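Here's model-v4.pdb, which has PDB, C-alpha atoms:
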MODEL        1
ATOM      1  CA  MET G 275     -10.052  -7.696 -13.273
ATOM      2  CA  PRO G 276     -12.308  -9.398 -10.692
ATOM      3  CA  LYS G 277     -10.818 -12.039  -8.473
ATOM      4  CA  ILE G 278     -11.566 -15.675  -9.261
ATOM      5  CA  MET G 279     -12.986 -17.274  -6.123
ATOM      6  CA  LEU G 280     -12.478 -20.955  -5.390
ATOM      7  CA  SER G 281     -14.562 -21.953  -2.371
ATOM      8  CA  LEU G 282     -14.052 -25.256  -0.608
ATOM      9  CA  LEU G 283     -16.230 -26.469   2.261
ATOM     10  CA  VAL G 284     -14.773 -29.060   4.591
ATOM     11  CA  ALA G 285     -17.636 -31.191   5.896
ATOM     12  CA  GLY G 286     -17.513 -34.729   7.180
ATOM     13  CA  GLY G 287     -14.062 -35.243   5.705
ATOM     14  CA  ALA G 288     -15.173 -34.258   2.184
ATOM     15  CA  LEU G 289     -14.467 -31.152   0.145
ATOM     16  CA  LEU G 290     -17.664 -29.694  -1.254
ATOM     17  CA  CYS G 291     -18.046 -26.755  -3.619
ATOM     18  CA  SER G 292     -19.902 -23.920  -1.955
ATOM     19  CA  THR G 293     -20.485 -20.216  -2.485
ATOM     20  CA  ASP G 294     -22.550 -19.750   0.677
ATOM     21  CA  ALA G 295     -21.453 -17.112   3.135
ATOM     22  CA  PHE G 296     -22.456 -16.768   6.753
ATOM     23  CA  PRO G 297     -24.532 -13.562   6.740
ATOM     24  CA  GLN G 298     -25.793 -13.957  10.321
ATOM     25  CA  ALA G 299     -22.389 -14.652  11.836
ATOM     26  CA  GLN G 300     -20.112 -11.976  13.288
ATOM     27  CA  PRO G 301     -16.300 -12.131  13.189
ATOM     28  CA  LEU G 302     -14.733 -13.026  16.514
ATOM     29  CA  PHE G 303     -11.110 -13.181  15.404
ATOM     30  CA  THR G 304      -9.415 -12.187  12.144
ATOM     31  CA  GLN G 305      -5.761 -12.446  11.165
ATOM     32  CA  HIS G 306      -4.325 -11.074   7.935
ATOM     33  CA  GLU G 307      -0.860 -12.252   6.992
ATOM     34  CA  ARG G 308       1.514 -10.879   4.385
ATOM     35  CA  GLN G 309       4.662 -12.686   3.269
ATOM     36  CA  SER G 310       6.667 -10.285   1.119
ATOM     37  CA  HIS G 311      10.280 -11.297   1.679
ATOM     38  CA  ALA G 312      10.635 -14.258  -0.663
ATOM     39  CA  ALA G 313      13.894 -14.749  -2.545
ATOM     40  CA  VAL G 314      14.084 -13.102  -5.957
ATOM     41  CA  ARG G 315      14.031 -15.243  -9.085
ATOM     42  CA  PRO G 316      15.223 -14.490 -12.630
ATOM     43  CA  ASN G 317      12.528 -13.386 -15.082
ATOM     44  CA  PRO G 318      13.791 -12.030 -18.422
ATOM     45  CA  LEU G 319      10.399 -10.396 -19.076
ATOM     46  CA  CYS G 320      10.855  -8.008 -16.163
ATOM     47  CA  ARG G 321      12.310  -4.554 -16.887
ATOM     48  CA  PRO G 322      14.528  -2.805 -16.031
ATOM     49  CA  GLU G 323      15.682  -5.484 -13.580
ATOM     50  CA  PRO G 324      15.115  -9.072 -14.867
ATOM     51  CA  TYR G 325      13.926 -10.450 -11.534
ATOM     52  CA  GLU G 326      10.644 -11.263  -9.819
ATOM     53  CA  THR G 327       9.540 -12.074  -6.287
ATOM     54  CA  SER G 328       6.383 -13.550  -4.808
ATOM     55  CA  ILE G 329       4.074 -11.970  -2.232
ATOM     56  CA  THR G 330       1.491 -14.089  -0.427
ATOM     57  CA  TYR G 331      -1.600 -12.641   1.231
ATOM     58  CA  SER G 332      -3.880 -14.622   3.513
ATOM     59  CA  GLU G 333      -6.814 -13.997   5.825
ATOM     60  CA  LEU G 334      -8.192 -16.272   8.559
ATOM     61  CA  THR G 335     -11.519 -15.373  10.176
ATOM     62  CA  VAL G 336     -13.318 -17.217  12.977
ATOM     63  CA  PHE G 337     -16.988 -16.305  13.323
ATOM     64  CA  ASP G 338     -19.148 -16.508  16.442
ATOM     65  CA  SER G 339     -21.006 -19.333  14.678
ATOM     66  CA  ARG G 340     -17.797 -21.419  14.957
ATOM     67  CA  GLU G 341     -17.268 -21.168  11.204
ATOM     68  CA  VAL G 342     -13.714 -20.647   9.977
ATOM     69  CA  VAL G 343     -12.936 -19.045   6.617
ATOM     70  CA  TYR G 344      -9.383 -19.064   5.303
ATOM     71  CA  GLN G 345      -8.382 -17.462   2.016
ATOM     72  CA  ILE G 346      -4.985 -17.166   0.405
ATOM     73  CA  SER G 347      -3.578 -15.684  -2.799
ATOM     74  CA  THR G 348      -0.156 -15.035  -4.290
ATOM     75  CA  VAL G 349       1.118 -12.465  -6.769
ATOM     76  CA  VAL G 350       4.514 -12.503  -8.499
ATOM     77  CA  PRO G 351       5.476  -8.931  -9.401
ATOM     78  CA  CYS G 352       8.679  -7.858 -11.056
ATOM     79  CA  LEU G 353      11.281  -6.544  -8.659
ATOM     80  CA  GLY G 354      10.655  -2.854  -8.120
ATOM     81  CA  GLN G 355       7.125  -2.965  -9.550
ATOM     82  CA  VAL G 356       5.039  -0.119  -8.152
ATOM     83  CA  GLY G 357       1.463  -0.653  -7.034
ATOM     84  CA  ASP G 358      -1.172   1.699  -5.653
ATOM     85  CA  PRO G 359      -1.081   1.084  -2.786
ATOM     86  CA  SER G 360       2.294  -0.600  -2.681
ATOM     87  CA  LEU G 361       2.117  -4.379  -2.985
ATOM     88  CA  ALA G 362       4.255  -4.592   0.166
ATOM     89  CA  LEU G 363       1.665  -2.572   2.105
ATOM     90  CA  ARG G 364      -1.521  -4.261   0.907
ATOM     91  CA  TRP G 365      -3.392  -6.914   2.891
ATOM     92  CA  GLU G 366      -4.945  -8.585  -0.141
ATOM     93  CA  ALA G 367      -3.791  -9.280  -3.684
ATOM     94  CA  PRO G 368      -4.864  -6.665  -6.248
ATOM     95  CA  ALA G 369      -6.043  -9.347  -8.705
ATOM     96  CA  GLY G 370      -5.816 -13.031  -9.520
ATOM     97  CA  PRO G 371      -7.177 -16.285  -8.110
ATOM     98  CA  VAL G 372      -8.034 -16.610  -4.429
ATOM     99  CA  ALA G 373      -8.333 -20.030  -2.788
ATOM    100  CA  VAL G 374     -11.018 -20.042  -0.066
ATOM    101  CA  PHE G 375     -11.407 -22.831   2.478
ATOM    102  CA  ARG G 376     -14.242 -23.187   4.988
ATOM    103  CA  SER G 377     -14.393 -25.361   8.076
ATOM    104  CA  ARG G 378     -16.084 -25.420  11.463
ATOM    105  CA  LEU G 379     -14.625 -25.618  14.945
ATOM    106  CA  SER G 380     -16.070 -28.119  17.378
ATOM    107  CA  VAL G 381     -17.719 -26.714  20.496
ATOM    108  CA  PRO G 382     -14.699 -27.604  22.702
ATOM    109  CA  GLU G 383     -12.286 -26.082  20.154
ATOM    110  CA  PHE G 384     -14.333 -22.890  19.983
ATOM    111  CA  ASP G 385     -14.573 -22.651  23.777
ATOM    112  CA  GLN G 386     -10.807 -23.147  24.062
ATOM    113  CA  LEU G 387     -10.227 -20.359  21.540
ATOM    114  CA  LYS G 388     -12.506 -17.971  23.423
ATOM    115  CA  THR G 389     -10.802 -18.824  26.707
ATOM    116  CA  PHE G 390      -7.435 -18.100  25.120
ATOM    117  CA  LEU G 391      -8.611 -14.788  23.629
ATOM    118  CA  ASP G 392      -9.936 -13.732  27.048
ATOM    119  CA  ARG G 393      -6.586 -14.212  28.759
ATOM    120  CA  ALA G 394      -5.247 -11.019  30.311
ATOM    121  CA  ASP G 395      -1.952 -11.271  28.423
ATOM    122  CA  VAL G 396      -3.773 -11.649  25.089
ATOM    123  CA  GLN G 397      -6.024  -8.688  25.861
ATOM    124  CA  GLY G 398      -2.878  -6.721  26.666
ATOM    125  CA  ILE G 399      -1.025  -7.443  23.400
ATOM    126  CA  GLN G 400       0.302  -4.250  21.821
ATOM    127  CA  PRO G 401       1.376  -3.572  18.210
ATOM    128  CA  PHE G 402       4.819  -4.908  17.331
ATOM    129  CA  MET G 403       7.023  -2.981  14.914
ATOM    130  CA  ASN G 404      10.421  -4.409  14.009
ATOM    131  CA  ALA G 405      12.895  -2.798  11.630
ATOM    132  CA  GLY G 406      14.936  -5.979  11.198
ATOM    133  CA  PRO G 407      14.207  -9.261   9.404
ATOM    134  CA  GLY G 408      11.136 -11.212  10.455
ATOM    135  CA  VAL G 409       8.779 -14.059   9.612
ATOM    136  CA  GLY G 410       5.919 -11.979   8.208
ATOM    137  CA  ASP G 411       3.577  -9.048   8.705
ATOM    138  CA  PHE G 412       0.220  -9.467  10.435
ATOM    139  CA  LYS G 413      -2.933  -7.467  11.094
ATOM    140  CA  ILE G 414      -5.114  -8.930  13.836
ATOM    141  CA  ALA G 415      -8.598  -7.970  15.030
ATOM    142  CA  ILE G 416     -10.343  -9.460  18.073
ATOM    143  CA  ALA G 417     -13.959  -8.578  18.856
ATOM    144  CA  ARG G 418     -14.314  -7.281  22.426
ATOM    145  CA  PRO G 419     -17.429  -6.058  24.300
ATOM    146  CA  ALA G 420     -15.874  -2.579  24.528
ATOM    147  CA  GLY G 421     -14.728  -2.514  20.899
ATOM    148  CA  THR G 422     -12.303  -4.228  18.542
ATOM    149  CA  GLN G 423      -8.764  -4.944  19.704
ATOM    150  CA  ASN G 424      -6.505  -4.201  16.740
ATOM    151  CA  ILE G 425      -2.934  -5.489  16.660
ATOM    152  CA  ASP G 426      -0.570  -4.452  13.856
ATOM    153  CA  VAL G 427       2.620  -6.471  13.466
ATOM    154  CA  VAL G 428       5.478  -5.538  11.139
ATOM    155  CA  SER G 429       8.285  -8.050  10.604
ATOM    156  CA  LEU G 430       7.451 -10.412  13.447
ATOM    157  CA  SER G 431      10.641 -11.597  15.139
ATOM    158  CA  PRO G 432       9.938 -14.622  17.385
ATOM    159  CA  ASN G 433      13.302 -14.296  19.128
ATOM    160  CA  HIS G 434      12.908 -10.617  19.955
ATOM    161  CA  PHE G 435      13.462 -10.125  23.687
ATOM    162  CA  GLN G 436      10.011  -8.567  24.048
ATOM    163  CA  LEU G 437       8.327 -11.685  22.656
ATOM    164  CA  VAL G 438      10.599 -14.021  24.571
ATOM    165  CA  ASN G 439       9.565 -12.327  27.813
ATOM    166  CA  ASP G 440       5.879 -12.413  26.844
ATOM    167  CA  PRO G 441       5.077 -14.909  24.058
ATOM    168  CA  ALA G 442       1.317 -14.177  23.957
ATOM    169  CA  LEU G 443       1.568 -12.589  20.483
ATOM    170  CA  ILE G 444       3.474 -15.592  19.136
ATOM    171  CA  HIS G 445       0.806 -17.967  20.464
ATOM    172  CA  LEU G 446      -1.973 -15.796  18.991
ATOM    173  CA  VAL G 447      -0.401 -15.738  15.530
ATOM    174  CA  CYS G 448       0.311 -19.462  15.667
ATOM    175  CA  LYS G 449      -3.258 -20.337  16.688
ATOM    176  CA  ALA G 450      -4.458 -18.689  13.488
ATOM    177  CA  LYS G 451      -1.808 -20.512  11.493
ATOM    178  CA  GLN G 452      -2.916 -23.814  13.000
ATOM    179  CA  MET G 453      -6.576 -23.172  12.105
ATOM    180  CA  ALA G 454      -5.538 -22.168   8.582
ATOM    181  CA  ARG G 455      -3.558 -25.378   8.222
ATOM    182  CA  MET G 456      -6.521 -27.436   9.399
ATOM    183  CA  SER G 457      -8.977 -25.620   7.117
ATOM    184  CA  SER G 458      -6.815 -25.977   4.010
ATOM    185  CA  ARG G 459      -5.513 -29.416   4.990
ATOM    186  CA  SER G 460      -2.087 -28.400   3.803
ATOM    187  CA  GLY G 461       1.221 -27.115   5.061
ATOM    188  CA  GLU G 462       2.652 -27.384   8.539
ATOM    189  CA  LEU G 463       3.302 -25.055  11.429
ATOM    190  CA  PRO G 464       6.620 -23.206  11.151
ATOM    191  CA  GLU G 465       9.382 -24.203  13.514
ATOM    192  CA  TRP G 466       9.089 -20.952  15.479
ATOM    193  CA  CYS G 467       5.484 -21.890  16.300
ATOM    194  CA  ARG G 468       6.365 -25.421  17.323
ATOM    195  CA  ASP G 469       9.216 -24.137  19.491
ATOM    196  CA  ALA G 470       7.324 -21.249  21.106
ATOM    197  CA  ARG G 471       7.974 -20.989  24.832
ATOM    198  CA  PRO G 472       4.966 -21.568  27.130
ATOM    199  CA  LEU G 473       2.596 -18.754  27.934
ATOM    200  CA  ASN G 474       3.250 -16.871  31.139
ATOM    201  CA  PRO G 475       0.919 -17.725  34.060
ATOM    202  CA  VAL G 476      -2.018 -15.337  34.324
ATOM    203  CA  SER G 477      -4.839 -14.932  36.785
ATOM    204  CA  GLY G 478      -7.569 -14.890  34.118
ATOM    205  CA  PRO G 479      -9.484 -12.327  32.048
ATOM    206  CA  LYS G 480      -8.838  -8.660  32.664
TER     207      LYS G 480
ENDMDL
END
The structure given in the file should be rewritten as structure tokens.
Amino acid sequence: MPKIMLSLLVAGGALLCSTDAFPQAQPLFTQHERQSHAAVRPNPLCRPEPYETSITYSELTVFDSREVVYQISTVVPCLGQVGDPSLALRWEAPAGPVAVFRSRLSVPEFDQLKTFLDRADVQGIQPFMNAGPGVGDFKIAIARPAGTQNIDVVSLSPNHFQLVNDPALIHLVCKAKQMARMSSRSGELPEWCRDARPLNPVSGPK
């Protein structure tokens, strides 16, 4: 079943229906997020276990045209439901409605983002794999002159000693969350974003 696309354009404080894409623009920064650890809920229609749980998939992309596209969707499978690939390993919902929000960064906001992405500690971010509980899974791509910087994050743990010593990954994830919040005009930053320790001093781009 094809996905139902709901596209909202934020312009001058108004929400306008739009199906236009940005064919000339190139992605500068993309963050996929997967929230698959929601509490289970009773559902008598589920078999053999009468429980369900929700999984939320989102994607935030900033283009070199300063356009921001944020899309989010949620599925509610029965506990133990098997997908191909597994619903817990996907980065987008297999079917169902997708809410899409579009906005545009101001020139100063875009310049600030580029300056942040060019920091040496951001360029040096490595994949983060955590076997314990976390606040979500993320897949991040940053366009670089020498090629794309890909950062895979499994079960992000903001209080992990590695991220306490170098919080660049936390700040990167939270910048995307902030832009998503502004594009959709909903939600708020999680506490672990608001309480993130300051970035370490750096000398500039690598």
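Picked out by the PyMOL selection byres ((chain G and resi 379) around 9) when it runs on this file: Val336, Ser339, Arg340, Glu341, Val342, Ser377, Arg378, Ser380, Val381, Pro382, Glu383, Phe384 and Met453 of chain G.
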Exercise for the section: Using the chain letters and numbering of this document, enumerate as a PyMOL selection string the residues selected by the PyMOL selection byres ((chain G and resi 332) around 6). Expected result: chain G and resi 306-307+331+333+345-346
Save the residues we just selected, C-alpha atoms, as a PDB file, keeping the file's coordinate frame?
ATOM      1  CA  HIS G 306      -4.325 -11.074   7.935  1.00  0.00           C
ATOM      2  CA  GLU G 307      -0.860 -12.252   6.992  1.00  0.00           C
ATOM      3  CA  TYR G 331      -1.600 -12.641   1.231  1.00  0.00           C
ATOM      4  CA  GLU G 333      -6.814 -13.997   5.825  1.00  0.00           C
ATOM      5  CA  GLN G 345      -8.382 -17.462   2.016  1.00  0.00           C
ATOM      6  CA  ILE G 346      -4.985 -17.166   0.405  1.00  0.00           C
TER       7      ILE G 346
END
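Proximity to Tyr344 (chain G) was assessed for G:Phe412, G:Phe435, G:Phe375, G:Phe390 counting all atoms listed in the file; the smallest distance is recorded for G:Phe375.
Take the candidates G:His434, G:Arg468, G:Arg315, G:Arg364 and check each one against Cys448 (chain G) using only C-alpha atoms; the shortest distance goes to G:Arg468.
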Apply the PyMOL selection byres ((chain G and resi 396) around 10) to the file shown and report the selected residues as a short mmCIF file (atom, residue, chain, number, x, y, z; two decimals) with C-alpha atoms, in the coordinates of the input.
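Written file, selection_22.cif:
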data_model
loop_
_atom_site.label_atom_id
_atom_site.label_comp_id
_atom_site.auth_asym_id
_atom_site.auth_seq_id
_atom_site.Cartn_x
_atom_site.Cartn_y
_atom_site.Cartn_z
CA PHE G 390 -7.44 -18.10 25.12
CA LEU G 391 -8.61 -14.79 23.63
CA ASP G 392 -9.94 -13.73 27.05
CA ARG G 393 -6.59 -14.21 28.76
CA ALA G 394 -5.25 -11.02 30.31
CA ASP G 395 -1.95 -11.27 28.42
CA GLN G 397 -6.02 -8.69 25.86
CA GLY G 398 -2.88 -6.72 26.67
CA ILE G 399 -1.02 -7.44 23.40
CA GLN G 400 0.30 -4.25 21.82
CA ILE G 416 -10.34 -9.46 18.07
CA GLN G 423 -8.76 -4.94 19.70
CA ASP G 440 5.88 -12.41 26.84
CA PRO G 441 5.08 -14.91 24.06
CA ALA G 442 1.32 -14.18 23.96
CA LEU G 443 1.57 -12.59 20.48
CA HIS G 445 0.81 -17.97 20.46
CA LEU G 446 -1.97 -15.80 18.99
CA LEU G 473 2.60 -18.75 27.93
CA PRO G 479 -9.48 -12.33 32.05
CA LYS G 480 -8.84 -8.66 32.66
#
Enclosing box along x, y and z for every listed atom of region 439-451 of chain G, padded 8 Å each side, centre and size in Å, one decimal, as lines of an AutoDock Vina configuration file:
center_x = 2.6
center_y = -16.4
center_z = 19.7
size_x = 30.0
size_y = 24.2
size_z = 32.3
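In this structure, CA of Ala367 (chain G) sits 21.2 Å away from CA of Asn424 (chain G).
Closest approach to Val372 (chain G) among G:Pro432, G:Ser347, G:Ala470, G:Thr330 is made by G:Ser347 (distances from only C-alpha atoms).
The gap separating CA of Leu430 (chain G) from CA of Gly408 (chain G) is 4.8 Å, in Å to one decimal.
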Practice task
For Ala415 (chain G), work out the shell of residues within 9 Å, counting all atoms listed in the file and skipping chain neighbours fewer than 4 positions away, then give it as a ChimeraX atom specification.
Solution key: /G:301-306,422-426
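Here the question is which of G:Val350, G:Phe402, G:Gly410, G:Val343 gets nearest to Pro316 (chain G) using all atoms listed in the file, and that residue is G:Val350.
We find CA of Pro368 (chain G) and CA of Cys467 (chain G) to be spaced 29.1 Å apart.
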